[in-house]
Number of protein chains: 2
Amino acid sequence: MATASSGSRRRPPSRRPAVSVLRVGHRAGRDPRLTTHLALAARALGAEAMYLHPWDADLARRIDAVGERWGGTFALRPAPEWRRVVREFPGPVVHLTMYGLPLERVLPALARTDRLLVVVGGAKVPSDLYRLARYNVAVGHQPHSEVAALAVTLARLRGIPDARPWPGARAVIVPQARGKKVRGGRA
Amino acid sequence: MATASSGSRRRPPSRRPAVSVLRVGHRAGRDPRLTTHLALAARALGAEAMYLHPWDADLARRIDAVGERWGGTFALRPAPEWRRVVREFPGPVVHLTMYGLPLERVLPALARTDRLLVVVGGAKVPSDLYRLARYNVAVGHQPHSEVAALAVTLARLRGIPDARPWPGARAVIVPQARGKKVRGGRA
C-alpha cells in the first residue's frame, strides 16, 4: 500500500488499526455492569463496535443512549454465532488472555494491520477460542480484568482520544484542572 | 535526589512511582464484581495497595486469596475516613475523572514523583474530591469505566509487568502462543 507522504512502508502515526471488539460469554443477569464497562471502555478508547454474545437488548439501548448524547458511531452488534464472527472477520483476531504472549511483543505486528478483532471472554472462555484466534495476548500474566486488558490494549494500539467533540455530539467536555465543564449539556 | 548512574536529575526508566489506589463509594451489594475488577487491575498493573471505602471484608478475602496463589504483597486496606487518606498521603493525589486534564499532559509531572495516590470514584463522586486532589486527570473525555481509566493510567506510569514470578508465588504463568501453561499450579 502506498502512503502519501513517503515511499517508506511504515505507516504514518495517524494510521492506526480500526478495532472491533467481541465479548463472548456475557451473562445478562450477572454481568450487566461489567459488560457495560467493557462497552464504554471500548467506545471511549476508539473501538468501532462491540459484538456481544449472547445478545442483551437493554445493554445495547444504554450504550446507544451514550452515543446519542456524546456522539460517535460506536454500537453493540449481535453475534448469535460468535465463532462465525471470528472466522469471517476481515483481519487478525486477538484473544486477550493472561496465558498469552506479552502485549509488547505482539504489538508491532498488530500495529501494522488495517483492522483487528479483539476478543474478550467472561469467567469461562470456550477453549477453542485459543485456536481460533490468530494471537493470544496477555496484558500482564496475573489474574486480571477483561475491562483493564481491553483498555490497555486499545490505548497502546490507538492512543487516547483527545477532547475534540465526536461527530453528532450534543455534549462535549471542556477539560478542567478542577470541577466539571460541559458544553451543550449539563455536567 | 542523586542517582547512581549520572548527575542528571531525570530518574532512570527503571524508577517508577509507587502507586496506591483509593476506591471511594464502593457499594458492596451492587458493585462486588466491578470493585473486584478494579482491585485485580490495580494489582496486576503494579499498584501496591487499594484503600476501599466503605470496607468490604469479603472482597478483601477474595483478593488475599489471589495473592496467596500468585504472589506479591498487594492488599486491600480499609479507609473509614477516605478524606484523611487523601489528606495524609505522602505524595500527590490524582483523581481520575472524564472532566479532568488529559493524562498525556499531566503524565510528565506524575512520572517525576516517588509515590502517588490514584483515586477512583463510583457512580456518584463526592464533589469535594475535585478540590482535595492535586490533579484531576482524564483518560479520554468520554463516559468511561473507572477500571479502564485506572488500567491505562497504571500502564502509562509503570509499564506492564513481565512474566517473572511474583515474590511468594505458588503459581506462575508461562506465556504461550496457544493454550494455557502454569508452573506450580493448575491452569
# chains A, B, ... in the order shown; residues from 1 in each chain; ligands from 1
>>> select_by_dssp(residues="stretch 140-179 of chain A", states="helix (DSSP H, G or I)", output="list in words")
Glu146, Val147, Ala148, Ala149, Leu150, Ala151, Val152, Thr153, Leu154, Ala155, Arg156, Leu157 and Arg158 of chain A
>>> write_last_selection(atoms="N, CA and C atoms", output="PDB file, in the first residue's frame")
ATOM      1  N   GLU A 146     -10.956  -8.141  32.346  1.00  0.00           N
ATOM      2  CA  GLU A 146     -11.011  -8.005  30.886  1.00  0.00           C
ATOM      3  C   GLU A 146     -11.223  -6.544  30.480  1.00  0.00           C
ATOM      4  N   VAL A 147     -11.849  -5.769  31.340  1.00  0.00           N
ATOM      5  CA  VAL A 147     -12.018  -4.338  31.050  1.00  0.00           C
ATOM      6  C   VAL A 147     -10.645  -3.661  31.014  1.00  0.00           C
ATOM      7  N   ALA A 148      -9.819  -3.983  32.003  1.00  0.00           N
ATOM      8  CA  ALA A 148      -8.483  -3.402  32.084  1.00  0.00           C
ATOM      9  C   ALA A 148      -7.624  -3.837  30.903  1.00  0.00           C
ATOM     10  N   ALA A 149      -7.666  -5.134  30.587  1.00  0.00           N
ATOM     11  CA  ALA A 149      -6.832  -5.650  29.493  1.00  0.00           C
ATOM     12  C   ALA A 149      -7.236  -5.009  28.166  1.00  0.00           C
ATOM     13  N   LEU A 150      -8.539  -4.889  27.936  1.00  0.00           N
ATOM     14  CA  LEU A 150      -9.004  -4.253  26.702  1.00  0.00           C
ATOM     15  C   LEU A 150      -8.569  -2.793  26.641  1.00  0.00           C
ATOM     16  N   ALA A 151      -8.712  -2.090  27.748  1.00  0.00           N
ATOM     17  CA  ALA A 151      -8.384  -0.664  27.773  1.00  0.00           C
ATOM     18  C   ALA A 151      -6.896  -0.433  27.485  1.00  0.00           C
ATOM     19  N   VAL A 152      -6.042  -1.213  28.119  1.00  0.00           N
ATOM     20  CA  VAL A 152      -4.602  -1.036  27.903  1.00  0.00           C
ATOM     21  C   VAL A 152      -4.248  -1.360  26.449  1.00  0.00           C
ATOM     22  N   THR A 153      -4.863  -2.415  25.915  1.00  0.00           N
ATOM     23  CA  THR A 153      -4.587  -2.799  24.530  1.00  0.00           C
ATOM     24  C   THR A 153      -5.008  -1.689  23.563  1.00  0.00           C
ATOM     25  N   LEU A 154      -6.213  -1.156  23.754  1.00  0.00           N
ATOM     26  CA  LEU A 154      -6.686  -0.085  22.866  1.00  0.00           C
ATOM     27  C   LEU A 154      -5.802   1.156  22.996  1.00  0.00           C
ATOM     28  N   ALA A 155      -5.439   1.507  24.226  1.00  0.00           N
ATOM     29  CA  ALA A 155      -4.615   2.707  24.418  1.00  0.00           C
ATOM     30  C   ALA A 155      -3.249   2.533  23.762  1.00  0.00           C
ATOM     31  N   ARG A 156      -2.680   1.322  23.819  1.00  0.00           N
ATOM     32  CA  ARG A 156      -1.381   1.093  23.195  1.00  0.00           C
ATOM     33  C   ARG A 156      -1.498   1.069  21.675  1.00  0.00           C
ATOM     34  N   LEU A 157      -2.603   0.549  21.165  1.00  0.00           N
ATOM     35  CA  LEU A 157      -2.756   0.428  19.718  1.00  0.00           C
ATOM     36  C   LEU A 157      -3.142   1.752  19.066  1.00  0.00           C
ATOM     37  N   ARG A 158      -3.982   2.524  19.742  1.00  0.00           N
ATOM     38  CA  ARG A 158      -4.624   3.658  19.083  1.00  0.00           C
ATOM     39  C   ARG A 158      -4.401   4.973  19.803  1.00  0.00           C
TER      40      ARG A 158
END
>>> interface_residues(of="chain B", to="chain A", cutoff="8 Å", atoms="only C-alpha atoms", output="number ranges by chain")
B: 33-34, 37-38, 40-41, 44-45, 66, 70, 98-102, 127, 130-131, 135-145, 147-152, 155, 160-163, 173-181
>>> write_last_selection(atoms="N, CA and C atoms", output="compact mmCIF listing (two decimals), in the first residue's frame")
# COMPACT_ATOMS: atom_id res chain seq x y z
N ARG B 33 -18.51 -7.23 41.79
CA ARG B 33 -17.66 -7.68 40.68
C ARG B 33 -16.85 -6.52 40.12
N LEU B 34 -17.49 -5.36 40.05
CA LEU B 34 -16.78 -4.21 39.50
C LEU B 34 -15.59 -3.82 40.37
N HIS B 37 -12.84 -6.26 39.93
CA HIS B 37 -12.07 -5.98 38.72
C HIS B 37 -11.11 -4.81 38.94
N LEU B 38 -11.58 -3.82 39.65
CA LEU B 38 -10.73 -2.66 39.94
C LEU B 38 -9.50 -3.10 40.75
N LEU B 40 -8.25 -6.16 41.01
CA LEU B 40 -7.39 -7.06 40.22
C LEU B 40 -6.56 -6.28 39.21
N ALA B 41 -7.16 -5.28 38.60
CA ALA B 41 -6.42 -4.45 37.64
C ALA B 41 -5.32 -3.68 38.36
N ALA B 44 -2.61 -6.31 39.18
CA ALA B 44 -1.92 -6.85 38.00
C ALA B 44 -1.01 -5.82 37.36
N LEU B 45 -1.36 -4.54 37.50
CA LEU B 45 -0.56 -3.50 36.84
C LEU B 45 0.33 -2.76 37.83
N VAL B 66 -6.09 -14.39 45.91
CA VAL B 66 -5.34 -14.24 44.64
C VAL B 66 -3.85 -14.09 44.93
N TRP B 70 -0.79 -16.30 43.58
CA TRP B 70 0.00 -15.69 42.51
C TRP B 70 1.11 -14.76 43.01
N MET B 98 -13.47 11.93 33.88
CA MET B 98 -13.56 12.32 32.47
C MET B 98 -13.57 13.85 32.29
N TYR B 99 -13.76 14.58 33.39
CA TYR B 99 -13.81 16.05 33.31
C TYR B 99 -12.43 16.70 33.49
N GLY B 100 -11.42 15.90 33.81
CA GLY B 100 -10.11 16.43 34.16
C GLY B 100 -9.23 16.77 32.96
N LEU B 101 -7.97 17.03 33.24
CA LEU B 101 -7.00 17.34 32.20
C LEU B 101 -6.50 16.04 31.56
N PRO B 102 -6.11 16.11 30.28
CA PRO B 102 -5.69 14.87 29.60
C PRO B 102 -4.50 14.22 30.29
N SER B 127 -18.26 15.73 45.56
CA SER B 127 -17.73 16.82 44.74
C SER B 127 -16.47 17.44 45.34
N TYR B 130 -12.78 16.84 43.86
CA TYR B 130 -12.14 17.65 42.81
C TYR B 130 -11.19 18.69 43.40
N ARG B 131 -11.52 19.16 44.62
CA ARG B 131 -10.64 20.14 45.27
C ARG B 131 -9.52 19.47 46.06
N TYR B 135 -4.36 16.63 41.29
CA TYR B 135 -4.60 16.56 39.85
C TYR B 135 -5.93 15.87 39.58
N ASN B 136 -6.75 16.48 38.72
CA ASN B 136 -7.91 15.80 38.17
C ASN B 136 -7.57 15.42 36.74
N VAL B 137 -7.57 14.13 36.46
CA VAL B 137 -6.98 13.62 35.22
C VAL B 137 -7.98 12.75 34.46
N ALA B 138 -8.06 12.99 33.15
CA ALA B 138 -8.98 12.25 32.29
C ALA B 138 -8.22 11.30 31.36
N VAL B 139 -8.71 10.08 31.27
CA VAL B 139 -8.21 9.13 30.26
C VAL B 139 -9.25 9.15 29.14
N GLY B 140 -9.11 10.13 28.26
CA GLY B 140 -10.20 10.42 27.31
C GLY B 140 -11.30 11.18 28.04
N HIS B 141 -12.16 11.81 27.25
CA HIS B 141 -13.19 12.69 27.83
C HIS B 141 -14.58 12.20 27.46
N GLN B 142 -14.72 10.90 27.49
CA GLN B 142 -16.00 10.26 27.19
C GLN B 142 -16.43 9.46 28.42
N PRO B 143 -17.74 9.19 28.53
CA PRO B 143 -18.18 8.32 29.63
C PRO B 143 -17.41 7.01 29.55
N HIS B 144 -17.07 6.46 30.69
CA HIS B 144 -15.96 5.54 30.70
C HIS B 144 -16.14 4.55 31.83
N SER B 145 -15.15 3.72 31.98
CA SER B 145 -15.09 2.78 33.09
C SER B 145 -13.94 3.18 33.98
N VAL B 147 -12.40 1.18 35.84
CA VAL B 147 -11.43 0.09 35.70
C VAL B 147 -10.50 0.38 34.53
N ALA B 148 -11.09 0.80 33.42
CA ALA B 148 -10.30 1.12 32.22
C ALA B 148 -9.38 2.30 32.47
N ALA B 149 -9.90 3.34 33.09
CA ALA B 149 -9.10 4.55 33.32
C ALA B 149 -7.92 4.24 34.24
N LEU B 150 -8.17 3.47 35.28
CA LEU B 150 -7.09 3.10 36.20
C LEU B 150 -6.04 2.25 35.47
N ALA B 151 -6.50 1.29 34.67
CA ALA B 151 -5.57 0.40 33.98
C ALA B 151 -4.66 1.17 33.03
N VAL B 152 -5.26 2.06 32.25
CA VAL B 152 -4.45 2.83 31.29
C VAL B 152 -3.46 3.72 32.03
N ALA B 155 -0.63 1.54 33.39
CA ALA B 155 0.23 1.05 32.31
C ALA B 155 1.13 2.17 31.79
N ILE B 160 3.83 -2.43 31.77
CA ILE B 160 3.08 -3.67 32.02
C ILE B 160 4.07 -4.69 32.60
N PRO B 161 3.78 -5.26 33.78
CA PRO B 161 4.72 -6.23 34.36
C PRO B 161 4.97 -7.42 33.42
N ASP B 162 6.22 -7.92 33.42
CA ASP B 162 6.52 -9.08 32.58
C ASP B 162 6.13 -10.38 33.29
N ALA B 163 6.54 -11.51 32.73
CA ALA B 163 6.02 -12.80 33.20
C ALA B 163 6.80 -13.38 34.37
N ILE B 173 2.52 -18.21 35.40
CA ILE B 173 2.14 -18.46 34.01
C ILE B 173 3.37 -18.46 33.12
N VAL B 174 3.42 -19.45 32.22
CA VAL B 174 4.45 -19.47 31.19
C VAL B 174 3.77 -19.05 29.89
N PRO B 175 4.05 -17.84 29.40
CA PRO B 175 3.31 -17.31 28.25
C PRO B 175 3.36 -18.24 27.04
N GLN B 176 2.23 -18.41 26.39
CA GLN B 176 2.08 -19.34 25.27
C GLN B 176 1.38 -18.65 24.10
N ALA B 177 1.77 -19.06 22.88
CA ALA B 177 1.04 -18.58 21.71
C ALA B 177 -0.35 -19.21 21.63
N ARG B 178 -0.48 -20.44 22.16
CA ARG B 178 -1.76 -21.17 22.16
C ARG B 178 -1.92 -21.85 23.52
N GLY B 179 -3.09 -21.85 24.08
CA GLY B 179 -3.37 -22.65 25.27
C GLY B 179 -2.82 -22.03 26.55
N LYS B 180 -2.87 -22.85 27.60
CA LYS B 180 -2.53 -22.35 28.94
C LYS B 180 -1.40 -23.18 29.54
N LYS B 181 -0.42 -22.53 30.11
CA LYS B 181 0.63 -23.25 30.80
C LYS B 181 0.94 -22.54 32.11
>>> residues_around(residues="B:Asp114", least_positions_apart="5", cutoff="8 Å", atoms="only C-alpha atoms", output="list in words")
Arg16, Pro17, Ala18 and Gly91 of chain B
>>> residues_around(residues="B:Gly25", least_positions_apart="4", cutoff="10 Å", atoms="only C-alpha atoms", output="list in words")
Asp31, Leu52, His53, Pro54, Trp55, Trp82, Val120, Gly121, Gly122, Ala123, Lys124, Val125 and Pro126 of chain B
>>> write_last_selection(atoms="N, CA and C atoms", output="PDB file, in the first residue's frame")
ATOM      1  N   ASP B  31     -21.806  -3.473  43.692  1.00  0.00           N
ATOM      2  CA  ASP B  31     -20.568  -3.386  42.906  1.00  0.00           C
ATOM      3  C   ASP B  31     -19.570  -4.504  43.141  1.00  0.00           C
ATOM      4  N   LEU B  52     -10.125   0.979  50.376  1.00  0.00           N
ATOM      5  CA  LEU B  52     -11.504   0.751  49.958  1.00  0.00           C
ATOM      6  C   LEU B  52     -12.467   1.403  50.939  1.00  0.00           C
ATOM      7  N   HIS B  53     -13.348   2.245  50.396  1.00  0.00           N
ATOM      8  CA  HIS B  53     -14.369   2.902  51.197  1.00  0.00           C
ATOM      9  C   HIS B  53     -15.724   2.763  50.517  1.00  0.00           C
ATOM     10  N   PRO B  54     -16.753   2.236  51.194  1.00  0.00           N
ATOM     11  CA  PRO B  54     -16.669   1.588  52.512  1.00  0.00           C
ATOM     12  C   PRO B  54     -15.983   0.226  52.403  1.00  0.00           C
ATOM     13  N   TRP B  55     -15.592  -0.295  53.562  1.00  0.00           N
ATOM     14  CA  TRP B  55     -14.875  -1.560  53.627  1.00  0.00           C
ATOM     15  C   TRP B  55     -15.761  -2.718  53.185  1.00  0.00           C
ATOM     16  N   TRP B  82     -12.070   8.381  54.229  1.00  0.00           N
ATOM     17  CA  TRP B  82     -11.276   8.419  52.994  1.00  0.00           C
ATOM     18  C   TRP B  82     -10.622   9.782  52.775  1.00  0.00           C
ATOM     19  N   VAL B 120     -10.248   6.650  42.467  1.00  0.00           N
ATOM     20  CA  VAL B 120     -11.311   6.354  41.510  1.00  0.00           C
ATOM     21  C   VAL B 120     -12.642   6.314  42.250  1.00  0.00           C
ATOM     22  N   GLY B 121     -13.594   7.032  41.700  1.00  0.00           N
ATOM     23  CA  GLY B 121     -14.910   7.098  42.320  1.00  0.00           C
ATOM     24  C   GLY B 121     -15.833   6.053  41.732  1.00  0.00           C
ATOM     25  N   GLY B 122     -16.979   5.905  42.337  1.00  0.00           N
ATOM     26  CA  GLY B 122     -18.017   5.051  41.779  1.00  0.00           C
ATOM     27  C   GLY B 122     -18.965   5.912  40.953  1.00  0.00           C
ATOM     28  N   ALA B 123     -20.236   5.516  40.924  1.00  0.00           N
ATOM     29  CA  ALA B 123     -21.213   6.241  40.118  1.00  0.00           C
ATOM     30  C   ALA B 123     -21.336   7.700  40.578  1.00  0.00           C
ATOM     31  N   LYS B 124     -21.402   7.907  41.877  1.00  0.00           N
ATOM     32  CA  LYS B 124     -21.512   9.274  42.417  1.00  0.00           C
ATOM     33  C   LYS B 124     -20.204   9.619  43.120  1.00  0.00           C
ATOM     34  N   VAL B 125     -19.534  10.642  42.640  1.00  0.00           N
ATOM     35  CA  VAL B 125     -18.268  11.054  43.248  1.00  0.00           C
ATOM     36  C   VAL B 125     -18.527  12.260  44.147  1.00  0.00           C
ATOM     37  N   PRO B 126     -18.072  12.219  45.404  1.00  0.00           N
ATOM     38  CA  PRO B 126     -18.245  13.394  46.276  1.00  0.00           C
ATOM     39  C   PRO B 126     -17.550  14.594  45.626  1.00  0.00           C
TER      40      PRO B 126
END
>>> select_by_dssp(residues="stretch 3-181 of chain B", states="strand (DSSP E or B)", output="ChimeraX atom specification")
/B:18-24,49-53,75-78,93-102,115-120,135-138,172-173
>>> write_last_selection(atoms="C-alpha atoms", output="PDB file, in the first residue's frame")
ATOM      1  CA  ALA B  18       4.918   3.593  43.619  1.00  0.00           C
ATOM      2  CA  VAL B  19       1.146   3.806  43.239  1.00  0.00           C
ATOM      3  CA  SER B  20      -1.611   3.248  45.765  1.00  0.00           C
ATOM      4  CA  VAL B  21      -5.269   3.348  44.752  1.00  0.00           C
ATOM      5  CA  LEU B  22      -8.257   4.662  46.688  1.00  0.00           C
ATOM      6  CA  ARG B  23     -11.708   3.458  45.684  1.00  0.00           C
ATOM      7  CA  VAL B  24     -14.399   5.793  47.015  1.00  0.00           C
ATOM      8  CA  ALA B  49      -2.434  -1.449  47.684  1.00  0.00           C
ATOM      9  CA  MET B  50      -6.021  -0.311  47.278  1.00  0.00           C
ATOM     10  CA  TYR B  51      -7.823   1.595  50.011  1.00  0.00           C
ATOM     11  CA  LEU B  52     -11.504   0.751  49.958  1.00  0.00           C
ATOM     12  CA  HIS B  53     -14.369   2.902  51.197  1.00  0.00           C
ATOM     13  CA  ALA B  75      -3.792  -5.946  49.591  1.00  0.00           C
ATOM     14  CA  LEU B  76      -6.970  -4.021  50.218  1.00  0.00           C
ATOM     15  CA  ARG B  77      -6.864  -1.567  53.109  1.00  0.00           C
ATOM     16  CA  PRO B  78      -9.813  -0.068  54.968  1.00  0.00           C
ATOM     17  CA  VAL B  93      -3.188  12.692  44.770  1.00  0.00           C
ATOM     18  CA  VAL B  94      -4.611  12.044  41.300  1.00  0.00           C
ATOM     19  CA  HIS B  95      -8.365  11.854  40.820  1.00  0.00           C
ATOM     20  CA  LEU B  96      -9.403  10.060  37.644  1.00  0.00           C
ATOM     21  CA  THR B  97     -12.401  11.777  36.038  1.00  0.00           C
ATOM     22  CA  MET B  98     -13.564  12.324  32.472  1.00  0.00           C
ATOM     23  CA  TYR B  99     -13.809  16.050  33.306  1.00  0.00           C
ATOM     24  CA  GLY B 100     -10.109  16.434  34.160  1.00  0.00           C
ATOM     25  CA  LEU B 101      -6.996  17.344  32.196  1.00  0.00           C
ATOM     26  CA  PRO B 102      -5.692  14.873  29.598  1.00  0.00           C
ATOM     27  CA  ARG B 115       4.650   7.842  45.157  1.00  0.00           C
ATOM     28  CA  LEU B 116       1.140   8.631  44.013  1.00  0.00           C
ATOM     29  CA  LEU B 117      -2.375   8.027  45.245  1.00  0.00           C
ATOM     30  CA  VAL B 118      -4.824   7.433  42.397  1.00  0.00           C
ATOM     31  CA  VAL B 119      -8.455   7.968  43.416  1.00  0.00           C
ATOM     32  CA  VAL B 120     -11.311   6.354  41.510  1.00  0.00           C
ATOM     33  CA  TYR B 135      -4.598  16.559  39.845  1.00  0.00           C
ATOM     34  CA  ASN B 136      -7.912  15.796  38.165  1.00  0.00           C
ATOM     35  CA  VAL B 137      -6.984  13.618  35.220  1.00  0.00           C
ATOM     36  CA  ALA B 138      -8.982  12.249  32.291  1.00  0.00           C
ATOM     37  CA  VAL B 172       3.388 -18.810  37.564  1.00  0.00           C
ATOM     38  CA  ILE B 173       2.138 -18.463  34.012  1.00  0.00           C
TER      39      ILE B 173
END
>>> atom_distance(atom1="atom CA of A:Gly168", atom2="atom CA of A:Gly72")
6.5 Å
